[in-house]
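Undergrad: First, the structure itself, so that you have it in front of you.
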Amino acid sequence: MAVFFIAILYIWYMTKIGLGLAALGRPEYINIRDEKNIDKSESSFKNNAFEMLNAAYQLGIRYFDTAPSYGKGESFLKEWQKTTQHSDSILATKWGYTYVANWQLGYKGAHEVKEHSLEKLVEQWEVSKEMLPDLKVYQIHSATLESGVLENNKVLKKLSEIKNETGLQIGLTTSGPNQSRVLQEASSIKINNHYLFDVFQVTYNVLEQSTFKTLSDLIKLGKKIVIKEGIANGRIFKNTPPLLTDLATKHNVGVDAIALRFIIDTLQPYIVLSGAFTQNQLQENLKALSFELSSDDLKDLTNLNVNTDNYWNERKQLSWN
Ligand SMILES: NC(=O)c1ccc[n+]([C@@H]2O[C@H](COP(=O)([O-])OP(=O)(O)OC[C@H]3O[C@@H](n4cnc5c(N)ncnc54)[C@H](OP(=O)(O)O)[C@@H]3O)[C@@H](O)[C@H]2O)c1
């Protein structure tokens, strides 16, 4: 009986893989895309997004992450969910960035514009709330200390209101060399004596491990950790460290599965997002759930960590393609 309950608890708490729509909802994104000849029309992207969402659901994925700045990411996800009526989908979105490239191929300049004002929150919430009741997580998109969003009482109060009215979990996403400081600051914020943030979406992978201690502490406090950029936007496929290749051969999987398994075995977060663009990539990513890494392998993988500033400087140089 005890074994049965432990098994149930394990299944309940174990890390799951979710699907992010960053690469699925707009024709150009910052990944290391090798395939230059894909059809970039909106209808072709919509077909692919629906096929990916259906495949993901069939493969057991229930957590879907999107944002207004992922082009049509929110509307594709909303339409797919309305059509399929899955009762167990968990939808997550964000506010704070606006997609401005308007599906123009080769658009010069930033494809998304950041604005962490109360006005932007109210404007984007009006659209995102149409995903209720399947929408479960609402996040500040890329909160930084510099943007002042964590000190903007009007914004924090509005998020608290949304939380109280809808039961949504409120979260934030972070990027950049200061992720740990943002997480520490945000996790201490209380509105009316209640902690505001329940979910933190963070970059953590074999190359960028600087948040490990902070994330472990947050998990102990019962916060939900969602990991993004688990394969470093595809960067692990270029100049792949020999250790990743060796482990991939040993476990008969790709280097992406090794990188994602590293996250699961070291941190055991709530969700690790797959940013897959094709069904084959998704199936390869999901192989991360089919094996475990030994403690010696994990120790060796820990040594792949690079200097945090260098990691983020390189990330900044990725082009939209
Ligand atoms: N909050 C934020 O600011 C933020 C930022 C980034 C991401 N996210 C979320 O996190 C999700 C995942 O992050 P991500 O998409 O940036 O990063 P990722 O998972 O590290 O990288 C995904 C990319 O890696 C490549 N890839 C994946 N599996 C592959 C395979 N088996 N073989 C070859 N290439 C493979 C694909 O790139 P190609 O398209 O080049 O083939 C894919 O688009 C996003 O969809 C989004 O939901 C949030």
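How things are named: the first chain in the structure tokens is A, the next is B, and so on; residues count from 1 in each chain; ligands count from 1 in the order shown.
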Using only C-alpha atoms and all ligand atoms, find each residue with an atom at most 6 Å away from ligand 1 and format the answer as a list in words.
TA: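 So, counting only C-alpha atoms and all ligand atoms, the residues near ligand 1 are Gly20, Leu21, Ala22, Ala23, Asn31, Ile32, Arg33, Asp34, Asp65, Thr66, His141, Ser142, Thr173, Lys228, Glu229, Gly230, Ile231, Ala232, Asn233, Gly234, Asp256, Leu273, Ser274, Gly275, Ala276, Phe277, Gln281, Glu284 and Asn285 of chain A.
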Undergrad: Hey, what's within 8 Å of range 93-107 of chain A if we count only C-alpha atoms and toss same-chain stuff fewer than 4 positions away? As a PyMOL selection string, please?
TA: chain A and resi 26-28+42+65-71+74+111-117+120-121+124-125+128+135+137-142+172+321
Undergrad: Could you write those residues out with N, CA, C and O atoms, as a short mmCIF file (atom, residue, chain, number, x, y, z; two decimals), in the first residue's frame?
TA:
data_model
loop_
_atom_site.label_atom_id
_atom_site.label_comp_id
_atom_site.auth_asym_id
_atom_site.auth_seq_id
_atom_site.Cartn_x
_atom_site.Cartn_y
_atom_site.Cartn_z
N ARG A 26 4.95 32.62 -34.86
CA ARG A 26 5.44 33.73 -35.69
C ARG A 26 6.51 33.19 -36.63
O ARG A 26 7.20 32.22 -36.30
N PRO A 27 6.67 33.84 -37.80
CA PRO A 27 7.51 33.23 -38.83
C PRO A 27 9.01 33.32 -38.54
O PRO A 27 9.78 32.59 -39.13
N GLU A 28 9.42 34.22 -37.65
CA GLU A 28 10.85 34.36 -37.38
C GLU A 28 11.09 34.43 -35.89
O GLU A 28 10.40 35.13 -35.16
N GLU A 42 1.20 32.47 -42.94
CA GLU A 42 0.46 32.34 -41.68
C GLU A 42 -0.34 31.04 -41.65
O GLU A 42 -0.40 30.35 -40.63
N ASP A 65 2.60 26.97 -23.02
CA ASP A 65 3.04 28.32 -22.65
C ASP A 65 3.06 29.23 -23.87
O ASP A 65 3.66 28.90 -24.89
N THR A 66 2.39 30.39 -23.75
CA THR A 66 2.40 31.33 -24.87
C THR A 66 2.54 32.76 -24.36
O THR A 66 2.80 32.98 -23.16
N ALA A 67 2.40 33.73 -25.26
CA ALA A 67 2.53 35.16 -24.90
C ALA A 67 2.00 35.99 -26.05
O ALA A 67 2.06 35.55 -27.21
N PRO A 68 1.52 37.21 -25.77
CA PRO A 68 1.07 38.08 -26.87
C PRO A 68 2.19 38.35 -27.88
O PRO A 68 1.93 38.55 -29.06
N SER A 69 3.43 38.33 -27.44
CA SER A 69 4.53 38.66 -28.35
C SER A 69 4.94 37.48 -29.23
O SER A 69 5.83 37.63 -30.07
N TYR A 70 4.30 36.30 -29.06
CA TYR A 70 4.63 35.16 -29.93
C TYR A 70 3.78 35.20 -31.20
O TYR A 70 3.27 34.18 -31.65
N GLY A 71 3.57 36.38 -31.75
CA GLY A 71 2.79 36.53 -32.98
C GLY A 71 1.37 36.05 -32.76
O GLY A 71 0.63 36.61 -31.97
N GLU A 74 -0.97 33.20 -29.01
CA GLU A 74 -2.13 33.16 -28.12
C GLU A 74 -3.38 32.75 -28.90
O GLU A 74 -4.17 31.94 -28.42
N HIS A 111 11.52 42.51 -32.95
CA HIS A 111 10.19 42.03 -33.37
C HIS A 111 9.16 42.20 -32.26
O HIS A 111 7.98 42.04 -32.48
N GLU A 112 9.63 42.47 -31.05
CA GLU A 112 8.71 42.62 -29.91
C GLU A 112 9.17 43.80 -29.06
O GLU A 112 10.35 44.02 -28.89
N VAL A 113 8.19 44.56 -28.57
CA VAL A 113 8.51 45.77 -27.80
C VAL A 113 8.02 45.60 -26.38
O VAL A 113 6.89 45.17 -26.14
N LYS A 114 8.90 45.95 -25.44
CA LYS A 114 8.58 45.73 -24.03
C LYS A 114 7.92 46.96 -23.42
O LYS A 114 8.35 48.09 -23.66
N GLU A 115 6.89 46.75 -22.62
CA GLU A 115 6.28 47.86 -21.87
C GLU A 115 5.59 47.27 -20.64
O GLU A 115 4.60 46.55 -20.73
N HIS A 116 6.13 47.58 -19.47
CA HIS A 116 5.59 47.01 -18.24
C HIS A 116 4.72 48.02 -17.48
O HIS A 116 4.87 48.19 -16.28
N SER A 117 3.82 48.69 -18.21
CA SER A 117 2.96 49.69 -17.57
C SER A 117 1.62 49.07 -17.19
O SER A 117 1.23 48.01 -17.72
N LYS A 120 -0.54 48.69 -20.31
CA LYS A 120 -0.25 47.50 -21.14
C LYS A 120 -0.84 46.25 -20.49
O LYS A 120 -1.41 45.39 -21.18
N LEU A 121 -0.73 46.16 -19.17
CA LEU A 121 -1.31 45.01 -18.46
C LEU A 121 -2.82 44.94 -18.72
O LEU A 121 -3.35 43.87 -19.09
N GLN A 124 -3.57 44.00 -22.46
CA GLN A 124 -3.30 42.61 -22.85
C GLN A 124 -4.16 41.62 -22.06
O GLN A 124 -4.54 40.56 -22.57
N TRP A 125 -4.50 41.96 -20.82
CA TRP A 125 -5.35 41.08 -20.01
C TRP A 125 -6.73 40.93 -20.66
O TRP A 125 -7.32 39.85 -20.67
N SER A 128 -6.15 38.24 -23.22
CA SER A 128 -5.72 36.94 -22.69
C SER A 128 -6.80 36.26 -21.86
O SER A 128 -6.89 35.03 -21.82
N LEU A 135 -7.02 28.97 -18.95
CA LEU A 135 -5.84 29.74 -18.56
C LEU A 135 -5.64 29.60 -17.06
O LEU A 135 -6.56 29.87 -16.28
N VAL A 137 -2.16 30.19 -15.59
CA VAL A 137 -0.96 30.89 -15.14
C VAL A 137 -0.82 32.19 -15.93
O VAL A 137 -0.87 32.18 -17.16
N TYR A 138 -0.63 33.31 -15.20
CA TYR A 138 -0.50 34.62 -15.86
C TYR A 138 0.78 35.28 -15.35
O TYR A 138 0.94 35.49 -14.15
N GLN A 139 1.70 35.60 -16.29
CA GLN A 139 3.05 35.99 -15.89
C GLN A 139 3.48 37.36 -16.42
O GLN A 139 3.11 37.74 -17.54
N ILE A 140 4.29 38.05 -15.66
CA ILE A 140 4.97 39.24 -16.19
C ILE A 140 6.04 38.71 -17.15
O ILE A 140 6.84 37.84 -16.76
N HIS A 141 6.06 39.21 -18.37
CA HIS A 141 7.01 38.71 -19.36
C HIS A 141 8.35 39.42 -19.21
O HIS A 141 8.47 40.60 -19.46
N SER A 142 9.32 38.66 -18.74
CA SER A 142 10.69 39.16 -18.60
C SER A 142 10.81 40.33 -17.63
O SER A 142 11.20 41.44 -18.00
N LEU A 172 6.10 35.22 -13.02
CA LEU A 172 6.92 36.09 -13.86
C LEU A 172 7.95 35.24 -14.57
O LEU A 172 8.23 34.12 -14.16
N ASN A 321 15.52 34.52 -37.38
CA ASN A 321 15.60 33.87 -38.69
C ASN A 321 14.40 33.00 -38.96
O ASN A 321 13.54 32.86 -38.14
#
Undergrad: So that I can check the surroundings of range 180-195 of chain A, please list as a PyMOL selection string every protein, DNA and RNA residue that reaches within 10 Å of it, counting only C-alpha atoms and ignoring chain neighbours fewer than 2 positions away.
TA: chain A and resi 142-146+149-151+153+156-157+159-161+170-178+197-202+210-215+217-218+221+223
Undergrad: Determine the nearest neighbour of Leu91 in chain A from the options A:Val272, A:Ile38, A:Leu289, A:Leu77, counting only C-alpha atoms.
TA: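 Of the candidates, the smallest distance to Leu91 in chain A is held by A:Leu77.
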Undergrad: Looking only at strand (DSSP E or B) from DSSP on the backbone, list the matching residues of range 28-275 of chain A as a VMD selection string.
TA: chain A and resid 63 to 65 90 to 95 97 to 99 112 to 114 135 to 140 169 to 173 190 to 191 194 to 195 199 to 203 224 to 228 271 to 274
Undergrad: As a short mmCIF file (atom, residue, chain, number, x, y, z; two decimals) with N, CA, C and O atoms, in the first residue's frame, please: every residue in range 45-100 of chain A that DSSP puts in helix (DSSP H, G or I).
TA:
data_model
loop_
_atom_site.label_atom_id
_atom_site.label_comp_id
_atom_site.auth_asym_id
_atom_site.auth_seq_id
_atom_site.Cartn_x
_atom_site.Cartn_y
_atom_site.Cartn_z
N PHE A 45 1.91 28.15 -40.82
CA PHE A 45 2.27 28.16 -39.39
C PHE A 45 1.10 27.69 -38.53
O PHE A 45 1.29 26.99 -37.55
N LYS A 46 -0.10 28.11 -38.93
CA LYS A 46 -1.27 27.70 -38.14
C LYS A 46 -1.45 26.18 -38.21
O LYS A 46 -1.67 25.53 -37.18
N ASN A 47 -1.32 25.61 -39.42
CA ASN A 47 -1.42 24.15 -39.56
C ASN A 47 -0.39 23.46 -38.69
O ASN A 47 -0.69 22.49 -37.99
N ASN A 48 0.85 23.96 -38.77
CA ASN A 48 1.93 23.33 -37.98
C ASN A 48 1.65 23.44 -36.49
O ASN A 48 1.82 22.47 -35.74
N ALA A 49 1.18 24.63 -36.07
CA ALA A 49 0.92 24.82 -34.62
C ALA A 49 -0.16 23.85 -34.15
O ALA A 49 -0.01 23.21 -33.10
N PHE A 50 -1.24 23.70 -34.94
CA PHE A 50 -2.31 22.77 -34.55
C PHE A 50 -1.80 21.33 -34.53
O PHE A 50 -2.12 20.56 -33.63
N GLU A 51 -1.00 20.98 -35.54
CA GLU A 51 -0.45 19.60 -35.57
C GLU A 51 0.46 19.37 -34.37
O GLU A 51 0.45 18.30 -33.75
N MET A 52 1.26 20.38 -34.04
CA MET A 52 2.16 20.25 -32.88
C MET A 52 1.37 20.13 -31.58
O MET A 52 1.71 19.34 -30.71
N LEU A 53 0.32 20.95 -31.46
CA LEU A 53 -0.48 20.90 -30.23
C LEU A 53 -1.18 19.54 -30.10
O LEU A 53 -1.20 18.94 -29.02
N ASN A 54 -1.72 19.04 -31.22
CA ASN A 54 -2.37 17.72 -31.17
C ASN A 54 -1.36 16.62 -30.84
O ASN A 54 -1.64 15.74 -30.02
N ALA A 55 -0.20 16.69 -31.48
CA ALA A 55 0.83 15.66 -31.23
C ALA A 55 1.27 15.72 -29.76
O ALA A 55 1.40 14.70 -29.09
N ALA A 56 1.47 16.95 -29.28
CA ALA A 56 1.92 17.12 -27.89
C ALA A 56 0.90 16.53 -26.93
O ALA A 56 1.25 15.79 -26.00
N TYR A 57 -0.38 16.82 -27.18
CA TYR A 57 -1.42 16.31 -26.28
C TYR A 57 -1.43 14.78 -26.31
O TYR A 57 -1.49 14.13 -25.26
N GLN A 58 -1.33 14.22 -27.51
CA GLN A 58 -1.32 12.75 -27.61
C GLN A 58 -0.12 12.14 -26.90
O GLN A 58 -0.20 11.04 -26.38
N GLY A 73 0.63 33.24 -31.42
CA GLY A 73 0.72 32.15 -30.41
C GLY A 73 -0.50 32.05 -29.51
O GLY A 73 -1.02 30.96 -29.27
N GLU A 74 -0.97 33.20 -29.01
CA GLU A 74 -2.13 33.16 -28.12
C GLU A 74 -3.38 32.75 -28.90
O GLU A 74 -4.17 31.94 -28.42
N SER A 75 -3.57 33.32 -30.09
CA SER A 75 -4.83 33.01 -30.80
C SER A 75 -4.83 31.57 -31.30
O SER A 75 -5.87 30.91 -31.26
N PHE A 76 -3.68 31.04 -31.75
CA PHE A 76 -3.62 29.62 -32.16
C PHE A 76 -3.98 28.73 -30.96
O PHE A 76 -4.78 27.80 -31.08
N LEU A 77 -3.38 29.03 -29.79
CA LEU A 77 -3.61 28.17 -28.62
C LEU A 77 -5.07 28.25 -28.16
O LEU A 77 -5.69 27.23 -27.84
N LYS A 78 -5.61 29.48 -28.18
CA LYS A 78 -7.00 29.67 -27.75
C LYS A 78 -7.94 28.89 -28.69
O LYS A 78 -8.83 28.17 -28.22
N GLU A 79 -7.72 29.03 -29.99
CA GLU A 79 -8.60 28.36 -30.95
C GLU A 79 -8.48 26.83 -30.84
O GLU A 79 -9.47 26.11 -30.87
N TRP A 80 -7.23 26.36 -30.67
CA TRP A 80 -7.02 24.90 -30.54
C TRP A 80 -7.75 24.37 -29.30
O TRP A 80 -8.44 23.35 -29.36
N GLN A 81 -7.62 25.09 -28.20
CA GLN A 81 -8.25 24.64 -26.96
C GLN A 81 -9.78 24.68 -27.07
O GLN A 81 -10.47 23.75 -26.65
N LYS A 82 -10.31 25.74 -27.70
CA LYS A 82 -11.78 25.85 -27.87
C LYS A 82 -12.29 24.72 -28.76
O LYS A 82 -13.37 24.18 -28.55
N THR A 83 -11.48 24.36 -29.78
CA THR A 83 -11.91 23.31 -30.72
C THR A 83 -11.84 21.93 -30.07
O THR A 83 -12.73 21.12 -30.25
N THR A 84 -10.76 21.68 -29.35
CA THR A 84 -10.56 20.33 -28.82
C THR A 84 -11.28 20.11 -27.49
O THR A 84 -11.58 18.97 -27.15
#
Undergrad: Skipping near chain neighbours, those fewer than 5 positions away, what residues fall within 10 Å of range 204-208 of chain A using only C-alpha atoms, listed as an NGL selection string?
TA: :A and (175 or 177 or 179 or 215 or 226-232 or 235-236 or 244 or 258-263 or 267 or 272 or 298 or 301-312)
Undergrad: Let me see the file: selected residues, N, CA, C and O atoms, as a tab-separated table (two decimals), in the first residue's frame.
TA:
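New file out17.tsv:
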chain	number	residue	atom	x	y	z
A	175	SER	N	15.06	36.62	-17.56
A	175	SER	CA	16.14	36.35	-18.51
A	175	SER	C	17.32	37.21	-18.08
A	175	SER	O	17.14	38.18	-17.36
A	177	PRO	N	21.62	38.01	-16.94
A	177	PRO	CA	22.55	37.63	-15.88
A	177	PRO	C	22.04	37.87	-14.46
A	177	PRO	O	22.60	37.34	-13.51
A	179	GLN	N	19.06	36.99	-13.19
A	179	GLN	CA	17.85	36.21	-12.90
A	179	GLN	C	17.67	35.95	-11.39
A	179	GLN	O	16.58	36.09	-10.86
A	215	LEU	N	16.74	28.63	-7.30
A	215	LEU	CA	15.60	27.81	-7.73
A	215	LEU	C	15.34	26.68	-6.74
A	215	LEU	O	14.19	26.38	-6.41
A	226	VAL	N	9.15	26.75	-13.68
A	226	VAL	CA	9.03	26.34	-15.08
A	226	VAL	C	10.35	26.72	-15.76
A	226	VAL	O	10.76	27.87	-15.68
A	227	ILE	N	10.98	25.75	-16.39
A	227	ILE	CA	12.27	26.04	-17.03
A	227	ILE	C	12.08	26.26	-18.52
A	227	ILE	O	11.45	25.48	-19.21
A	228	LYS	N	12.64	27.37	-19.00
A	228	LYS	CA	12.62	27.69	-20.43
A	228	LYS	C	14.04	27.61	-20.98
A	228	LYS	O	15.00	27.57	-20.21
A	229	GLU	N	14.16	27.60	-22.28
A	229	GLU	CA	15.46	27.59	-22.96
A	229	GLU	C	16.34	26.45	-22.45
A	229	GLU	O	17.54	26.62	-22.24
A	230	GLY	N	15.71	25.30	-22.24
A	230	GLY	CA	16.40	24.13	-21.66
A	230	GLY	C	17.50	23.60	-22.54
A	230	GLY	O	18.43	22.95	-22.05
A	231	ILE	N	17.41	23.85	-23.86
A	231	ILE	CA	18.52	23.44	-24.71
A	231	ILE	C	19.20	24.68	-25.30
A	231	ILE	O	19.76	24.65	-26.39
A	232	ALA	N	19.13	25.76	-24.51
A	232	ALA	CA	19.84	27.00	-24.85
A	232	ALA	C	19.51	27.47	-26.26
A	232	ALA	O	20.41	27.81	-27.05
A	235	ARG	N	21.37	26.10	-29.03
A	235	ARG	CA	22.82	26.35	-29.10
A	235	ARG	C	23.64	25.10	-28.80
A	235	ARG	O	24.78	24.98	-29.21
A	236	ILE	N	23.05	24.14	-28.05
A	236	ILE	CA	23.83	22.93	-27.74
A	236	ILE	C	24.08	22.07	-28.98
A	236	ILE	O	24.89	21.15	-28.95
A	244	LEU	N	28.30	15.76	-23.91
A	244	LEU	CA	26.89	15.60	-24.30
A	244	LEU	C	26.75	14.53	-25.38
A	244	LEU	O	25.85	13.69	-25.33
A	258	ILE	N	19.57	14.67	-23.39
A	258	ILE	CA	20.54	14.69	-22.27
A	258	ILE	C	20.45	16.04	-21.55
A	258	ILE	O	20.40	16.10	-20.31
A	259	ALA	N	20.39	17.13	-22.34
A	259	ALA	CA	20.34	18.47	-21.73
A	259	ALA	C	19.06	18.64	-20.91
A	259	ALA	O	19.10	19.21	-19.81
A	260	LEU	N	17.94	18.15	-21.43
A	260	LEU	CA	16.67	18.30	-20.69
A	260	LEU	C	16.66	17.40	-19.45
A	260	LEU	O	16.16	17.79	-18.38
A	261	ARG	N	17.25	16.20	-19.58
A	261	ARG	CA	17.30	15.28	-18.43
A	261	ARG	C	18.18	15.86	-17.31
A	261	ARG	O	17.92	15.66	-16.13
A	262	PHE	N	19.24	16.58	-17.71
A	262	PHE	CA	20.10	17.23	-16.72
A	262	PHE	C	19.25	18.16	-15.83
A	262	PHE	O	19.39	18.19	-14.61
A	263	ILE	N	18.35	18.92	-16.47
A	263	ILE	CA	17.50	19.85	-15.72
A	263	ILE	C	16.59	19.08	-14.77
A	263	ILE	O	16.46	19.42	-13.58
A	267	LEU	N	17.27	19.47	-10.72
A	267	LEU	CA	16.38	20.43	-10.08
A	267	LEU	C	14.99	19.90	-9.75
A	267	LEU	O	14.34	20.36	-8.81
A	272	VAL	N	9.44	21.49	-17.51
A	272	VAL	CA	10.51	21.93	-18.41
A	272	VAL	C	9.86	22.15	-19.77
A	272	VAL	O	9.20	21.24	-20.29
A	298	LEU	N	25.96	13.50	-13.83
A	298	LEU	CA	25.42	14.83	-13.47
A	298	LEU	C	26.55	15.74	-13.01
A	298	LEU	O	26.58	16.93	-13.35
A	301	LEU	N	28.39	16.91	-16.00
A	301	LEU	CA	27.60	17.89	-16.76
A	301	LEU	C	27.60	19.26	-16.08
A	301	LEU	O	27.53	20.30	-16.74
A	302	THR	N	27.67	19.25	-14.76
A	302	THR	CA	27.70	20.52	-14.02
A	302	THR	C	28.90	21.36	-14.48
A	302	THR	O	28.83	22.59	-14.48
A	303	ASN	N	29.98	20.68	-14.90
A	303	ASN	CA	31.18	21.41	-15.33
A	303	ASN	C	31.03	22.09	-16.69
A	303	ASN	O	31.92	22.82	-17.12
A	304	LEU	N	29.91	21.85	-17.38
A	304	LEU	CA	29.70	22.53	-18.67
A	304	LEU	C	29.23	23.97	-18.49
A	304	LEU	O	29.15	24.75	-19.45
A	305	ASN	N	28.88	24.31	-17.26
A	305	ASN	CA	28.43	25.67	-16.93
A	305	ASN	C	29.43	26.71	-17.46
A	305	ASN	O	30.62	26.57	-17.25
A	306	VAL	N	28.93	27.73	-18.16
A	306	VAL	CA	29.84	28.78	-18.66
A	306	VAL	C	29.63	30.06	-17.84
A	306	VAL	O	28.67	30.17	-17.08
A	307	ASN	N	30.49	31.00	-18.02
A	307	ASN	CA	30.36	32.29	-17.33
A	307	ASN	C	29.01	32.92	-17.70
A	307	ASN	O	28.65	32.99	-18.88
A	308	THR	N	28.28	33.38	-16.68
A	308	THR	CA	26.91	33.86	-16.90
A	308	THR	C	26.86	35.03	-17.88
A	308	THR	O	26.02	35.07	-18.78
A	309	ASP	N	27.76	36.01	-17.70
A	309	ASP	CA	27.74	37.17	-18.61
A	309	ASP	C	28.02	36.74	-20.05
A	309	ASP	O	27.38	37.20	-21.00
A	310	ASN	N	28.97	35.79	-20.20
A	310	ASN	CA	29.29	35.32	-21.56
A	310	ASN	C	28.08	34.62	-22.18
A	310	ASN	O	27.77	34.80	-23.36
A	311	TYR	N	27.39	33.82	-21.35
A	311	TYR	CA	26.21	33.11	-21.85
A	311	TYR	C	25.19	34.10	-22.41
A	311	TYR	O	24.69	33.96	-23.52
A	312	TRP	N	24.93	35.14	-21.62
A	312	TRP	CA	23.86	36.08	-22.02
A	312	TRP	C	24.31	37.01	-23.15
A	312	TRP	O	23.50	37.44	-23.96
Undergrad: What is the CA of Ser295 in chain A to CA of Thr266 in chain A distance in Å?
TA: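 Straight-line distance from CA of Ser295 in chain A to CA of Thr266 in chain A works out to 9.4 Å.
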Undergrad: For Gly60 in chain A, find every residue with an atom within 10 Å (counting only C-alpha atoms), except residues of its own chain fewer than 6 positions away, and show them as a list in words.
TA: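 Once the nearby chain positions are removed, what remains is Lys16, Ile17, Gly18 and Leu286 of chain A.
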Undergrad: So how far away is CA of Arg315 in chain A from CA of Lys238 in chain A, in Å?
TA: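 Between CA of Lys238 in chain A and CA of Arg315 in chain A the gap is 13.2 Å.
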Undergrad: Go ahead and compute the interatomic distance for CA of Asp296 in chain A and CA of Thr203 in chain A, in Å to one decimal.
TA: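 Answer for the CA of Asp296 in chain A to CA of Thr203 in chain A separation: 23.6 Å.
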Undergrad: When distances are computed from only C-alpha atoms, which of A:Leu132, A:Ala257, A:Ile219, A:Ile264 shows the smallest separation from Ala92 in chain A?
TA: A:Leu132
